[in-house]
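**Q** Handing you this structure, nothing more for now.
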Amino acid sequence: MSPAVPRPFERGPEEGNFMRVCAPILALASVFLQTSNAVQACGDKFVLVGRGVEFHRAYAALYPALIVIYAKPEGHAAKAISDPQLQKDLKLSGHRVLLVENDALLARALEADRPDLILTDVADAERLSRQAAGAPSKPTVLPVMYRPTKEEAATIEKSYQCRLTSGDRADRYLSAIDNAMKIRVDEKKKRSRS
């Protein structure tokens, strides 16, 4: 008896099962590929190919704040926090920004403008925290570190509930600002209940 020679277009039982299982999967995959917007996950809204939006145009602050940027010219993080692009990004997201470079302007801003936050070099953070505690609005101080060690960064984060470095992008600053503002709003709610 000679072995059976397969015919080119003859379907075996395995091929029928393959088509029955794979055809619906291929059809679903083509639908999802055509409508990629339908399967977005949280945070994926701007990752889609061809659908990018500049971050500062898409981000809206959850808690708009008045932010004083205290950037003495000789400070290590001064260049990063006084960067015009960072200020522009903060403003475009809904914050108001005031740049001050000396103690006299800071004292005037704390009294007259009543800021919510002070963004400053970590070297000035402790002194400004004491000064902010006596101000009418009691602004939260967000220190910015310049090339910190892991230990330094952990200590600052523990003290200020914030971890910002001079090399961070605008989205990191905006996130830290939103977190600080959320804490302020929650504290105000607690005070008003008691």
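Letters A, B, ... go to the chains of the structure tokens in the order shown; residues in each chain start at 1; ligands are counted from 1 in the same order.
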Output as JSON lines one row per residue of stretch 136-194 of chain A within 10 Å of stretch 57-81 of chain A: the closest atom pair and its distance in Å to one decimal place, counting only C-alpha atoms, sorted by chain and residue number ascending.

**A**
{"residue": "A:Pro139", "atom": "CA", "partner": "A:Ile67", "partner_atom": "CA", "distance": 8.8}
{"residue": "A:Thr140", "atom": "CA", "partner": "A:Ile67", "partner_atom": "CA", "distance": 9.5}
{"residue": "A:Val141", "atom": "CA", "partner": "A:Val68", "partner_atom": "CA", "distance": 9.5}
{"residue": "A:Leu142", "atom": "CA", "partner": "A:Ile69", "partner_atom": "CA", "distance": 9.6}
{"residue": "A:Pro143", "atom": "CA", "partner": "A:Ala77", "partner_atom": "CA", "distance": 9.2}
{"residue": "A:Val144", "atom": "CA", "partner": "A:Ala77", "partner_atom": "CA", "distance": 6.3}
{"residue": "A:Met145", "atom": "CA", "partner": "A:Ala77", "partner_atom": "CA", "distance": 6.5}
{"residue": "A:Tyr146", "atom": "CA", "partner": "A:Ala77", "partner_atom": "CA", "distance": 5.7}
{"residue": "A:Arg147", "atom": "CA", "partner": "A:His76", "partner_atom": "CA", "distance": 9.3}
{"residue": "A:Thr165", "atom": "CA", "partner": "A:Ala77", "partner_atom": "CA", "distance": 7.8}
{"residue": "A:Ser166", "atom": "CA", "partner": "A:Ala80", "partner_atom": "CA", "distance": 5.3}
{"residue": "A:Gly167", "atom": "CA", "partner": "A:Ala80", "partner_atom": "CA", "distance": 7.3}
{"residue": "A:Asp168", "atom": "CA", "partner": "A:Ala80", "partner_atom": "CA", "distance": 8.6}
{"residue": "A:Arg169", "atom": "CA", "partner": "A:Ala80", "partner_atom": "CA", "distance": 9.6}
{"residue": "A:Ala170", "atom": "CA", "partner": "A:Ile81", "partner_atom": "CA", "distance": 9.9}
{"residue": "A:Asp171", "atom": "CA", "partner": "A:Tyr59", "partner_atom": "CA", "distance": 8.6}
{"residue": "A:Tyr173", "atom": "CA", "partner": "A:Ile81", "partner_atom": "CA", "distance": 9.5}
{"residue": "A:Leu174", "atom": "CA", "partner": "A:Ala61", "partner_atom": "CA", "distance": 7.5}
{"residue": "A:Ser175", "atom": "CA", "partner": "A:Ala61", "partner_atom": "CA", "distance": 8.8}
{"residue": "A:Ile177", "atom": "CA", "partner": "A:Ala65", "partner_atom": "CA", "distance": 8.3}
{"residue": "A:Asp178", "atom": "CA", "partner": "A:Tyr63", "partner_atom": "CA", "distance": 6.1}
{"residue": "A:Asn179", "atom": "CA", "partner": "A:Tyr63", "partner_atom": "CA", "distance": 9.0}
{"residue": "A:Ala180", "atom": "CA", "partner": "A:Tyr63", "partner_atom": "CA", "distance": 9.3}
{"residue": "A:Met181", "atom": "CA", "partner": "A:Tyr63", "partner_atom": "CA", "distance": 6.0}
{"residue": "A:Lys182", "atom": "CA", "partner": "A:Tyr63", "partner_atom": "CA", "distance": 7.0}
{"residue": "A:Arg184", "atom": "CA", "partner": "A:Tyr63", "partner_atom": "CA", "distance": 9.7}
{"residue": "A:Val185", "atom": "CA", "partner": "A:Tyr63", "partner_atom": "CA", "distance": 8.5}

**Q** Need the shell around stretch 107-110 of chain A: protein/DNA/RNA residues with any atom at most 8 Å away, counting only C-alpha atoms. Skip same-chain ones fewer than 3 positions apart. Format as a list in words?

**A**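 Listing them by chain and then by number gives Val68, Asp103, Ala104, Asp113, Arg114, Pro115, Ala132, Ala135, Pro136 and Ser137 of chain A.
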